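Participant: One file is attached below, target-v7.cif, containing mmCIF, C-alpha atoms.
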data_protein
#
loop_
_atom_site.label_atom_id
_atom_site.label_comp_id
_atom_site.auth_asym_id
_atom_site.auth_seq_id
_atom_site.Cartn_x
_atom_site.Cartn_y
_atom_site.Cartn_z
CA MET Q 1 52.95 -58.27 163.82
CA LYS Q 2 55.11 -58.18 160.68
CA GLU Q 3 58.45 -56.40 160.82
CA PRO Q 4 58.62 -53.21 158.74
CA ILE Q 5 60.73 -53.27 155.59
CA LEU Q 6 61.77 -49.66 156.07
CA GLU Q 7 61.76 -47.43 159.12
CA ILE Q 8 62.96 -43.84 158.87
CA LYS Q 9 63.24 -42.06 162.23
CA ASP Q 10 63.84 -38.31 162.54
CA LEU Q 11 66.05 -38.15 159.46
CA ASN Q 12 67.85 -34.85 159.05
CA ALA Q 13 70.11 -34.46 156.05
CA GLY Q 14 71.58 -31.90 153.74
CA VAL Q 15 74.07 -31.23 151.02
CA GLU Q 16 77.01 -28.79 151.02
CA GLY Q 17 75.98 -27.30 154.33
CA LYS Q 18 72.38 -26.71 153.33
CA GLN Q 19 69.74 -28.68 155.23
CA ILE Q 20 67.19 -30.38 152.99
CA LEU Q 21 65.43 -33.05 155.04
CA LYS Q 22 64.19 -31.79 158.40
CA GLY Q 23 63.08 -34.67 160.56
CA ILE Q 24 61.51 -37.29 158.30
CA ASN Q 25 59.56 -40.13 159.88
CA LEU Q 26 58.24 -42.91 157.65
CA THR Q 27 57.51 -46.62 158.16
CA ILE Q 28 56.73 -49.07 155.35
CA TYR Q 29 55.40 -52.57 156.01
CA PRO Q 30 55.45 -55.48 153.53
CA GLY Q 31 52.65 -55.36 150.97
CA GLU Q 32 52.33 -51.56 151.10
CA VAL Q 33 52.69 -48.91 148.41
CA HIS Q 34 53.55 -45.45 149.72
CA ALA Q 35 53.53 -42.29 147.65
CA VAL Q 36 55.60 -39.23 148.49
CA MET Q 37 54.42 -36.10 146.76
CA GLY Q 38 55.80 -32.61 146.95
CA PRO Q 39 56.65 -29.48 145.03
CA ASN Q 40 60.06 -28.90 143.43
CA GLY Q 41 62.80 -28.48 145.98
CA SER Q 42 60.87 -30.25 148.73
CA GLY Q 43 63.54 -32.93 149.13
CA LYS Q 44 61.94 -35.85 147.27
CA SER Q 45 65.00 -36.78 145.22
CA THR Q 46 67.28 -36.16 148.19
CA LEU Q 47 65.31 -38.73 150.13
CA ALA Q 48 65.63 -41.25 147.30
CA ALA Q 49 69.35 -40.56 146.93
CA ILE Q 50 70.03 -41.01 150.64
CA LEU Q 51 68.08 -44.27 150.80
CA ALA Q 52 70.01 -45.59 147.80
CA GLY Q 53 73.34 -44.48 149.26
CA ARG Q 54 74.50 -41.81 146.85
CA LYS Q 55 77.64 -39.97 147.99
CA GLY Q 56 77.62 -36.26 148.63
CA TYR Q 57 74.82 -36.07 151.16
CA ASP Q 58 75.33 -35.57 154.89
CA VAL Q 59 72.99 -37.24 157.32
CA THR Q 60 73.18 -35.00 160.35
CA SER Q 61 70.87 -37.03 162.60
CA GLY Q 62 68.28 -39.78 162.61
CA ARG Q 63 68.19 -43.47 161.77
CA VAL Q 64 67.09 -45.56 158.83
CA SER Q 65 66.45 -49.22 159.40
CA TYR Q 66 65.94 -51.62 156.46
CA GLN Q 67 64.80 -55.17 157.27
CA GLY Q 68 66.05 -54.55 160.79
CA LYS Q 69 69.57 -53.49 159.66
CA ASP Q 70 71.10 -50.01 159.82
CA LEU Q 71 70.72 -48.95 156.17
CA LEU Q 72 73.02 -45.94 156.33
CA ASP Q 73 75.84 -48.25 157.38
CA LEU Q 74 75.72 -50.23 154.12
CA ASP Q 75 77.43 -49.40 150.81
CA PRO Q 76 75.05 -48.82 147.89
CA GLU Q 77 75.86 -52.19 146.34
CA GLU Q 78 75.20 -53.94 149.65
CA ARG Q 79 71.81 -52.23 149.88
CA ALA Q 80 71.03 -53.37 146.34
CA ARG Q 81 71.97 -56.96 147.14
CA GLU Q 82 69.64 -56.82 150.14
CA GLY Q 83 66.81 -56.05 147.73
CA LEU Q 84 66.68 -52.25 147.59
CA PHE Q 85 66.08 -50.91 144.10
CA LEU Q 86 66.01 -47.33 142.82
CA ALA Q 87 64.33 -46.53 139.51
CA PHE Q 88 66.30 -43.43 138.56
CA GLN Q 89 64.69 -40.19 137.51
CA TYR Q 90 67.46 -39.64 134.95
CA PRO Q 91 68.93 -43.06 134.03
CA VAL Q 92 72.52 -42.69 132.92
CA GLU Q 93 74.04 -44.15 129.73
CA ILE Q 94 76.97 -46.55 129.92
CA PRO Q 95 78.43 -46.82 126.41
CA GLY Q 96 80.27 -50.02 125.54
CA VAL Q 97 78.65 -52.08 128.30
CA ASN Q 98 76.15 -54.56 126.91
CA SER Q 99 72.70 -54.36 128.58
CA THR Q 100 72.31 -58.11 128.90
CA TYR Q 101 75.76 -58.57 130.38
CA PHE Q 102 75.15 -55.69 132.81
CA LEU Q 103 71.81 -56.95 134.05
CA LYS Q 104 72.94 -60.58 134.22
CA SER Q 105 75.92 -59.50 136.34
CA ALA Q 106 73.63 -57.52 138.62
CA LEU Q 107 71.17 -60.39 139.01
CA ASN Q 108 73.97 -62.84 139.70
CA GLU Q 109 75.44 -60.60 142.42
CA ILE Q 110 72.06 -60.62 144.12
CA ARG Q 111 71.63 -64.38 143.66
CA LYS Q 112 75.14 -65.00 144.99
CA HIS Q 113 74.32 -62.88 148.04
CA LYS Q 114 71.22 -64.98 148.68
CA GLY Q 115 73.15 -68.21 148.27
CA GLN Q 116 71.47 -69.10 144.96
CA THR Q 117 73.27 -70.44 141.88
CA GLU Q 118 74.27 -67.89 139.25
CA LEU Q 119 72.59 -67.97 135.84
CA ASP Q 120 74.48 -68.38 132.58
CA ALA Q 121 73.67 -66.33 129.47
CA MET Q 122 71.15 -68.82 128.05
CA GLU Q 123 69.23 -69.17 131.33
CA PHE Q 124 69.23 -65.42 131.77
CA ILE Q 125 67.83 -64.72 128.32
CA ALA Q 126 65.07 -67.29 128.85
CA LEU Q 127 64.19 -65.57 132.14
CA VAL Q 128 63.94 -62.09 130.72
CA LYS Q 129 62.10 -62.76 127.47
CA ASP Q 130 58.60 -62.37 128.86
CA LYS Q 131 59.58 -59.41 131.03
CA ILE Q 132 60.77 -57.59 127.93
CA GLN Q 133 57.34 -58.09 126.40
CA LEU Q 134 55.65 -56.92 129.58
CA LEU Q 135 57.41 -53.57 129.31
CA GLU Q 136 56.90 -53.50 125.53
CA LEU Q 137 60.60 -53.11 124.88
CA LYS Q 138 62.15 -54.32 121.65
CA GLU Q 139 64.25 -57.49 121.88
CA ASP Q 140 67.19 -55.74 120.24
CA LEU Q 141 67.55 -53.89 123.54
CA LEU Q 142 69.38 -56.96 124.77
CA ARG Q 143 72.11 -56.28 122.25
CA ARG Q 144 72.58 -52.56 122.94
CA SER Q 145 74.72 -50.76 125.49
CA VAL Q 146 73.05 -49.71 128.73
CA ASN Q 147 70.55 -46.94 127.92
CA GLU Q 148 72.58 -45.87 124.89
CA GLY Q 149 70.40 -44.37 122.19
CA PHE Q 150 67.25 -44.95 124.25
CA SER Q 151 64.49 -42.38 124.14
CA GLY Q 152 63.34 -40.90 127.45
CA GLY Q 153 60.36 -43.24 127.58
CA GLU Q 154 62.50 -46.28 126.73
CA LYS Q 155 64.91 -45.40 129.55
CA LYS Q 156 62.06 -45.31 132.05
CA ARG Q 157 60.64 -48.59 130.78
CA ASN Q 158 64.13 -50.06 130.98
CA GLU Q 159 64.26 -49.08 134.67
CA ILE Q 160 61.07 -51.02 135.37
CA PHE Q 161 62.29 -53.91 133.23
CA GLN Q 162 65.38 -54.10 135.44
CA MET Q 163 63.09 -53.97 138.47
CA ALA Q 164 61.12 -56.90 137.07
CA VAL Q 165 64.29 -58.92 136.61
CA LEU Q 166 65.89 -58.07 139.96
CA GLU Q 167 62.65 -58.50 141.99
CA PRO Q 168 63.52 -56.12 144.84
CA ARG Q 169 62.05 -56.15 148.34
CA LEU Q 170 61.80 -52.35 148.38
CA ALA Q 171 61.50 -50.47 145.11
CA ILE Q 172 61.92 -46.70 145.17
CA LEU Q 173 60.54 -45.07 142.05
CA ASP Q 174 62.00 -41.58 141.68
CA GLU Q 175 59.63 -39.55 139.49
CA THR Q 176 59.22 -42.48 137.13
CA ASP Q 177 56.38 -40.61 135.44
CA SER Q 178 58.38 -37.55 134.45
CA GLY Q 179 58.74 -37.23 130.69
CA LEU Q 180 56.28 -40.01 129.91
CA ASP Q 181 53.28 -39.77 127.61
CA ILE Q 182 50.06 -41.44 128.65
CA ASP Q 183 50.74 -44.70 126.79
CA ALA Q 184 54.20 -45.10 128.25
CA LEU Q 185 52.78 -44.25 131.66
CA LYS Q 186 50.26 -47.10 131.37
CA VAL Q 187 52.92 -49.60 130.30
CA VAL Q 188 55.24 -48.60 133.14
CA SER Q 189 52.45 -48.63 135.72
CA ASN Q 190 51.26 -52.03 134.56
CA GLY Q 191 54.79 -53.36 134.98
CA VAL Q 192 55.08 -51.90 138.47
CA ASN Q 193 51.68 -53.22 139.53
CA LYS Q 194 52.52 -56.75 138.36
CA LEU Q 195 55.47 -56.70 140.74
CA ARG Q 196 53.39 -55.72 143.75
CA GLY Q 197 53.33 -58.52 146.33
CA ALA Q 198 52.54 -59.30 149.93
CA ASP Q 199 56.18 -59.56 150.81
CA ASN Q 200 57.60 -56.48 149.11
CA ALA Q 201 56.88 -52.76 149.10
CA GLN Q 202 57.10 -49.72 146.84
CA LEU Q 203 57.89 -46.08 147.55
CA VAL Q 204 56.60 -43.96 144.69
CA ILE Q 205 57.97 -40.45 144.51
CA THR Q 206 56.05 -38.16 142.26
CA HIS Q 207 55.16 -34.61 141.50
CA TYR Q 208 51.80 -35.25 139.90
CA GLN Q 209 48.73 -37.15 140.98
CA ARG Q 210 48.25 -38.70 137.53
CA LEU Q 211 50.63 -41.61 138.10
CA LEU Q 212 48.70 -42.53 141.21
CA ASN Q 213 45.60 -43.23 139.12
CA TYR Q 214 47.51 -46.21 137.78
CA ILE Q 215 49.75 -47.13 140.71
CA VAL Q 216 47.24 -46.77 143.51
CA PRO Q 217 48.96 -46.09 146.84
CA ASP Q 218 47.95 -47.26 150.29
CA PHE Q 219 49.44 -44.17 151.89
CA VAL Q 220 50.22 -40.68 150.58
CA HIS Q 221 52.75 -38.44 152.30
CA VAL Q 222 53.10 -34.78 151.41
CA LEU Q 223 56.65 -33.48 151.58
CA VAL Q 224 57.06 -29.72 151.72
CA ASP Q 225 60.33 -27.96 152.50
CA GLY Q 226 61.93 -31.12 153.87
CA ARG Q 227 59.10 -32.15 156.19
CA ILE Q 228 56.21 -34.56 155.81
CA VAL Q 229 53.40 -32.16 156.55
CA ARG Q 230 50.53 -34.59 156.07
CA THR Q 231 49.86 -38.29 155.61
CA GLY Q 232 46.64 -39.77 154.29
CA GLY Q 233 45.12 -42.37 152.01
CA LYS Q 234 44.86 -42.17 148.24
CA GLN Q 235 42.19 -39.50 148.50
CA LEU Q 236 44.83 -37.06 149.75
CA ALA Q 237 46.50 -37.16 146.32
CA LEU Q 238 43.24 -36.20 144.68
CA ASP Q 239 42.68 -33.37 147.17
CA LEU Q 240 46.19 -32.08 146.45
CA GLU Q 241 45.55 -32.16 142.73
CA GLU Q 242 42.46 -30.05 143.22
CA LYS Q 243 43.71 -27.61 145.85
CA GLY Q 244 47.48 -27.47 145.34
CA TYR Q 245 50.39 -27.78 147.78
CA ASP Q 246 49.71 -24.37 149.31
CA TRP Q 247 46.47 -25.71 150.76
CA VAL Q 248 48.30 -28.41 152.75
CA VAL Q 249 50.87 -25.95 154.05
CA LYS Q 250 48.19 -23.47 155.12
CA GLU Q 251 46.25 -26.21 156.89
CA GLU Q 252 49.36 -27.26 158.80
CA VAL Q 253 50.23 -23.71 159.86
CA ALA Q 254 46.71 -23.01 161.11
CA PRO Q 255 45.12 -26.34 162.04
CA ALA Q 256 41.33 -26.26 162.32
CA MET G 1 102.46 -50.31 102.61
CA LEU G 2 104.73 -50.85 99.65
CA GLY G 3 102.55 -52.99 97.38
CA ASP G 4 99.49 -51.64 95.56
CA ASN G 5 96.20 -52.32 97.44
CA SER G 6 98.07 -53.32 100.58
CA VAL G 7 96.54 -52.85 104.02
CA GLY G 8 97.97 -52.06 107.44
CA GLU G 9 96.08 -52.32 110.75
CA PHE G 10 97.17 -51.42 114.26
CA TYR G 11 95.07 -52.08 117.36
CA SER G 12 96.38 -51.28 120.80
CA VAL G 13 95.37 -50.98 124.43
CA ALA G 14 97.89 -49.28 126.70
CA VAL G 15 97.37 -49.20 130.48
CA THR G 16 99.38 -47.19 132.94
CA ASN G 17 98.87 -47.28 136.70
CA ASN G 18 100.80 -46.06 139.77
CA TYR G 19 103.70 -44.02 138.34
CA GLN G 20 104.12 -45.78 135.00
CA GLN G 21 104.69 -43.83 131.81
CA ALA G 22 103.93 -45.29 128.40
CA ASP G 23 104.73 -43.96 124.98
CA THR G 24 103.06 -46.10 122.36
CA GLY G 25 102.02 -45.75 118.77
CA THR G 26 102.70 -46.83 115.23
CA LYS G 27 103.91 -45.71 111.82
CA MET G 28 101.85 -46.21 108.71
CA VAL G 29 103.78 -45.39 105.56
CA HIS G 30 101.77 -45.43 102.34
CA ILE G 31 103.99 -46.01 99.30
CA GLY G 32 102.03 -48.07 96.75
CA LYS G 33 98.70 -47.14 95.17
CA HIS G 34 95.21 -47.67 96.71
CA THR G 35 96.62 -48.50 100.11
CA ARG G 36 94.63 -48.54 103.35
CA SER G 37 95.54 -48.22 107.01
CA THR G 38 93.57 -48.32 110.24
CA ILE G 39 94.81 -47.31 113.66
CA VAL G 40 92.73 -47.82 116.82
CA SER G 41 94.55 -46.90 119.98
CA LYS G 42 92.96 -47.08 123.44
CA GLY G 43 94.85 -45.59 126.34
CA ILE G 44 93.84 -46.04 129.96
CA SER G 45 95.56 -44.00 132.62
CA ALA G 46 95.12 -44.72 136.33
CA GLY G 47 96.87 -43.64 139.51
CA HIS G 48 99.64 -41.21 138.55
CA GLY G 49 100.12 -42.89 135.17
CA GLN G 50 100.94 -40.97 132.00
CA ASN G 51 99.98 -42.35 128.59
CA SER G 52 101.23 -40.89 125.34
CA TYR G 53 100.20 -41.89 121.87
CA ARG G 54 102.67 -41.07 119.16
CA GLY G 55 101.58 -42.06 115.68
CA LEU G 56 102.86 -41.29 112.22
CA VAL G 57 100.77 -41.44 109.08
CA LYS G 58 102.95 -40.80 106.07
CA ILE G 59 101.62 -40.63 102.51
CA GLN G 60 104.48 -40.69 99.98
CA LYS G 61 104.37 -38.83 96.66
CA GLY G 62 103.51 -41.88 94.55
CA ALA G 63 100.85 -43.20 96.91
CA ALA G 64 97.77 -42.40 94.89
CA ASN G 65 94.33 -42.83 96.44
CA ALA G 66 95.62 -43.68 99.90
CA ARG G 67 93.20 -43.91 102.84
CA ASN G 68 93.87 -43.80 106.56
CA PHE G 69 91.59 -43.81 109.57
CA SER G 70 93.05 -43.16 113.03
CA GLN G 71 91.12 -43.28 116.28
CA CYS G 72 92.83 -42.40 119.50
CA ASP G 73 90.76 -42.64 122.70
CA SER G 74 91.94 -41.94 126.22
CA LEU G 75 90.25 -42.88 129.46
CA LEU G 76 91.33 -41.23 132.69
CA LEU G 77 90.67 -42.93 136.01
CA GLY G 78 91.00 -40.49 138.87
CA ASN G 79 92.42 -36.99 139.01
CA LYS G 80 96.15 -37.61 139.09
CA CYS G 81 96.84 -39.24 135.74
CA GLY G 82 97.35 -37.87 132.26
CA ALA G 83 96.91 -38.69 128.60
CA HIS G 84 98.70 -37.06 125.69
CA THR G 85 98.27 -37.48 121.95
CA PHE G 86 100.95 -36.64 119.39
CA PRO G 87 99.66 -37.34 115.90
CA TYR G 88 102.08 -36.78 113.06
CA ILE G 89 100.55 -36.56 109.60
CA GLU G 90 102.73 -36.05 106.51
CA VAL G 91 100.91 -36.05 103.19
CA LYS G 92 102.69 -35.68 99.85
CA ASN G 93 99.89 -36.80 97.53
CA THR G 94 96.75 -34.70 97.04
CA SER G 95 94.46 -37.68 96.42
CA ALA G 96 95.03 -38.98 99.93
CA ARG G 97 92.24 -39.19 102.51
CA VAL G 98 93.42 -39.09 106.09
CA GLU G 99 91.03 -39.05 109.06
CA HIS G 100 91.97 -38.61 112.69
CA GLU G 101 89.62 -38.75 115.68
CA ALA G 102 90.55 -38.36 119.30
CA SER G 103 88.57 -38.42 122.53
CA THR G 104 89.36 -38.09 126.20
CA SER G 105 86.93 -39.18 128.86
CA LYS G 106 86.52 -40.15 132.48
CA ILE G 107 84.18 -42.64 134.07
CA GLY G 108 81.34 -40.56 135.52
CA ASP G 109 80.41 -40.86 139.19
CA ASP G 110 76.80 -41.24 138.06
CA GLN G 111 77.75 -44.27 135.98
CA ILE G 112 79.52 -45.90 138.91
CA PHE G 113 76.59 -45.16 141.22
CA TYR G 114 74.14 -46.64 138.71
CA CYS G 115 76.18 -49.86 138.71
CA ASN G 116 76.46 -49.83 142.52
CA GLN G 117 72.71 -49.43 142.82
CA ARG G 118 72.25 -52.55 140.74
CA GLY G 119 74.47 -54.55 143.12
CA LEU G 120 77.83 -54.24 141.36
CA ALA G 121 80.92 -53.34 143.37
CA THR G 122 82.82 -50.27 142.18
CA GLN G 123 85.88 -52.24 140.99
CA ASP G 124 83.63 -54.55 138.94
CA ALA G 125 81.82 -51.54 137.49
CA VAL G 126 85.13 -49.96 136.48
CA ASN G 127 86.29 -53.24 134.88
CA MET G 128 83.04 -53.48 132.95
CA ILE G 129 83.24 -49.93 131.69
CA VAL G 130 86.93 -50.19 130.82
CA ASN G 131 86.26 -53.41 128.91
CA GLY G 132 83.50 -51.65 127.02
CA PHE G 133 85.98 -48.92 126.22
CA CYS G 134 88.46 -51.44 124.80
CA LYS G 135 85.90 -53.59 123.00
CA GLU G 136 86.84 -52.46 119.49
CA VAL G 137 90.40 -53.60 120.05
CA PHE G 138 89.67 -56.85 121.90
CA ARG G 139 87.22 -57.80 119.15
CA GLU G 140 90.17 -58.07 116.74
CA LEU G 141 91.99 -60.58 118.91
CA PRO G 142 91.58 -64.38 118.81
CA MET G 143 89.04 -65.28 121.50
CA GLU G 144 91.41 -67.09 123.88
CA PHE G 145 93.79 -64.16 123.81
CA ALA G 146 91.00 -61.62 124.24
CA VAL G 147 89.79 -63.43 127.38
CA GLU G 148 93.29 -63.34 128.84
CA ALA G 149 93.73 -59.71 127.85
CA GLN G 150 90.49 -58.78 129.65
CA LYS G 151 91.63 -60.57 132.81
CA LEU G 152 95.02 -58.92 132.64
CA LEU G 153 93.35 -55.55 132.26
CA GLY G 154 91.33 -56.22 135.40
CA VAL G 155 94.43 -57.16 137.35
CA SER G 156 96.38 -54.12 136.10
CA LEU G 157 93.65 -51.82 137.34
CA GLU G 158 93.17 -53.38 140.76
CA GLY G 159 93.08 -50.72 143.41
CA SER G 160 92.94 -47.94 140.85
CA VAL G 161 89.61 -46.72 142.16
CA GLY G 162 89.47 -45.53 145.75
#
If you took the structure in this file and wrote it as structure tokens, what would it be?

Facilitator:
Amino acid sequence: MKEPILEIKDLNAGVEGKQILKGINLTIYPGEVHAVMGPNGSGKSTLAAILAGRKGYDVTSGRVSYQGKDLLDLDPEERAREGLFLAFQYPVEIPGVNSTYFLKSALNEIRKHKGQTELDAMEFIALVKDKIQLLELKEDLLRRSVNEGFSGGEKKRNEIFQMAVLEPRLAILDETDSGLDIDALKVVSNGVNKLRGADNAQLVITHYQRLLNYIVPDFVHVLVDGRIVRTGGKQLALDLEEKGYDWVVKEEVAPA
Amino acid sequence: MLGDNSVGEFYSVAVTNNYQQADTGTKMVHIGKHTRSTIVSKGISAGHGQNSYRGLVKIQKGAANARNFSQCDSLLLGNKCGAHTFPYIEVKNTSARVEHEASTSKIGDDQIFYCNQRGLATQDAVNMIVNGFCKEVFRELPMEFAVEAQKLLGVSLEGSVG
């Protein structure tokens, strides 16, 4: 029996005294793609933020284990070096910091952590050339500052480009589809799917079912008001699309 | 700038940390005709440091068609430091063109977290962002000096971020 990559047990968390997550249980094994869907305010982004280690959230109870280690005990950069990647919903701009230099530094931190040799600029550029084409980004991106002057779609594609370069064990995609037109959605989904492997896993957080036509999940979890009210296969996403979140909540309140 | 068509350039990076106070700046005096001056001043305040920029741009009566561009940027690291700008502009010739830009910024928590999430430690992220901030000045230096200046900057800011 393979060890799970991620195990969340009874996670309760909040921000500024307000409870947002109310007892989350979720286990992800290698090779799996899980989708978390929910209406606005359900706690989706809070979950992503807590897994990535963003400050400002209070975990009141519960455990999160990542590759057998206590995840909540690690700093965000330590989690990243262990192969945890977050594709941000709103990627931030870092003026003055060259994209290539930034990503090369990130990759080398991860390689150093794994005991691998660090890459120099030439080796790095050779490595990323085909990944740039995969995400249909322009090569001049390598010369620009991180996310500076990027359109919304370019920022999202840049997130997946970074994912392709860093090759994480667990990738958390936080509403990667928001703000994307159908063409950009296809490019991004294609990139994500190419990275799917037997030894890694993906947690796709989304509002709409549409993304899941392209990134087909193995499991779908419905998050409403801080609780996972239902788990199912990919059909659940289609049912939700048709019947809305209210349907799931009603079914939970008055089970058949 | 006494001679006609003469040029003056001033590039500086000033760093204060702990309880240091710095008062830096320059004087550009335009005397001849068609003179040019450029001032790029980058101030970084950390800890309880206080950085002041004090610059004088003086266009004399006979300095026809003089041009000046001054850029004064301040970066604040933390909540206990300060940055102050005291530009002095004295123009005695109506054909002069004098431009002054100033900005004050902090490193956003979101920017640091983005770097952390990619595997970079906070101190390295700060160094990277501060270097990006100073790029325009370091670019004017001979390469060997610029490399040393970047390292020195890193050392000066050690422990500046909690």

Participant: Give me, as a ChimeraX atom specification, all polymer residues having an atom no more than 10 Å from range 226-239 of chain Q, counting all atoms listed in the file and skipping those fewer than 4 positions away in the same chain.

Facilitator: /Q:11-14,19-26,34-38,41-44,46-47,208-210,212-213,216-222,243-245,247-249,251-253

Participant: Could you write out that same residue set with C-alpha atoms as an mmCIF file, in the frame of the given file?

Facilitator:
data_model
loop_
_atom_site.group_PDB
_atom_site.id
_atom_site.type_symbol
_atom_site.label_atom_id
_atom_site.label_comp_id
_atom_site.auth_asym_id
_atom_site.auth_seq_id
_atom_site.Cartn_x
_atom_site.Cartn_y
_atom_site.Cartn_z
ATOM 1 C CA LEU Q 11 66.050 -38.150 159.460
ATOM 2 C CA ASN Q 12 67.850 -34.850 159.050
ATOM 3 C CA ALA Q 13 70.110 -34.460 156.050
ATOM 4 C CA GLY Q 14 71.580 -31.900 153.740
ATOM 5 C CA GLN Q 19 69.740 -28.680 155.230
ATOM 6 C CA ILE Q 20 67.190 -30.380 152.990
ATOM 7 C CA LEU Q 21 65.430 -33.050 155.040
ATOM 8 C CA LYS Q 22 64.190 -31.790 158.400
ATOM 9 C CA GLY Q 23 63.080 -34.670 160.560
ATOM 10 C CA ILE Q 24 61.510 -37.290 158.300
ATOM 11 C CA ASN Q 25 59.560 -40.130 159.880
ATOM 12 C CA LEU Q 26 58.240 -42.910 157.650
ATOM 13 C CA HIS Q 34 53.550 -45.450 149.720
ATOM 14 C CA ALA Q 35 53.530 -42.290 147.650
ATOM 15 C CA VAL Q 36 55.600 -39.230 148.490
ATOM 16 C CA MET Q 37 54.420 -36.100 146.760
ATOM 17 C CA GLY Q 38 55.800 -32.610 146.950
ATOM 18 C CA GLY Q 41 62.800 -28.480 145.980
ATOM 19 C CA SER Q 42 60.870 -30.250 148.730
ATOM 20 C CA GLY Q 43 63.540 -32.930 149.130
ATOM 21 C CA LYS Q 44 61.940 -35.850 147.270
ATOM 22 C CA THR Q 46 67.280 -36.160 148.190
ATOM 23 C CA LEU Q 47 65.310 -38.730 150.130
ATOM 24 C CA TYR Q 208 51.800 -35.250 139.900
ATOM 25 C CA GLN Q 209 48.730 -37.150 140.980
ATOM 26 C CA ARG Q 210 48.250 -38.700 137.530
ATOM 27 C CA LEU Q 212 48.700 -42.530 141.210
ATOM 28 C CA ASN Q 213 45.600 -43.230 139.120
ATOM 29 C CA VAL Q 216 47.240 -46.770 143.510
ATOM 30 C CA PRO Q 217 48.960 -46.090 146.840
ATOM 31 C CA ASP Q 218 47.950 -47.260 150.290
ATOM 32 C CA PHE Q 219 49.440 -44.170 151.890
ATOM 33 C CA VAL Q 220 50.220 -40.680 150.580
ATOM 34 C CA HIS Q 221 52.750 -38.440 152.300
ATOM 35 C CA VAL Q 222 53.100 -34.780 151.410
ATOM 36 C CA LYS Q 243 43.710 -27.610 145.850
ATOM 37 C CA GLY Q 244 47.480 -27.470 145.340
ATOM 38 C CA TYR Q 245 50.390 -27.780 147.780
ATOM 39 C CA TRP Q 247 46.470 -25.710 150.760
ATOM 40 C CA VAL Q 248 48.300 -28.410 152.750
ATOM 41 C CA VAL Q 249 50.870 -25.950 154.050
ATOM 42 C CA GLU Q 251 46.250 -26.210 156.890
ATOM 43 C CA GLU Q 252 49.360 -27.260 158.800
ATOM 44 C CA VAL Q 253 50.230 -23.710 159.860
#

Participant: Can you list, as a list in words, the residues that the PyMOL selection byres ((chain G and resi 117-121) around 7) selects here?

Facilitator: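 Selected by the PyMOL selection byres ((chain G and resi 117-121) around 7) here: Ala52, Pro76, Glu77, Glu78, Ala80, Arg81, Phe85, Ala106, Glu109 and Ile110 of chain Q; Phe113, Tyr114, Cys115, Asn116, Thr122, Gln123, Asp124 and Ala125 of chain G.
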
Participant: Run the PyMOL selection byres ((chain Q) within 10 of (chain G)) on the file and write out the hits as an NGL selection string.

Facilitator: :Q and (52-55 or 75-88 or 90-98 or 101-103 or 105-110 or 113 or 145 or 162-163 or 166)

Participant: Pick out the residues sitting within 7 Å of range 68-70 of chain G, and hand them over as a list in words; count all atoms listed in the file, and ignore anything fewer than 4 positions along from it in its own chain.

Facilitator: Arg36, Ser37, Thr38, Ile39, Val40, Arg97, Val98, Glu99, His100 and Glu101 of chain G

Participant: Of the candidates G:Val91, G:Val13, G:Thr24, G:Asn65, which one gets nearest to Ala146 in chain G if we count only C-alpha atoms?

Facilitator: G:Val13

Participant: Of the residues Q:Ala121, Q:Leu240, Q:Ala126, Q:Val33, which is the one nearest to Leu195 in chain Q, using all atoms listed in the file?

Facilitator: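 Smallest separation from Leu195 in chain Q among the options: Q:Val33.
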
Participant: Residues within 7 Å of Pro87 in chain G, please, as an MDAnalysis selection string. Count only C-alpha atoms; anything in the same chain fewer than 6 positions from it doesn't count.

Facilitator: chainID G and resid 54:56
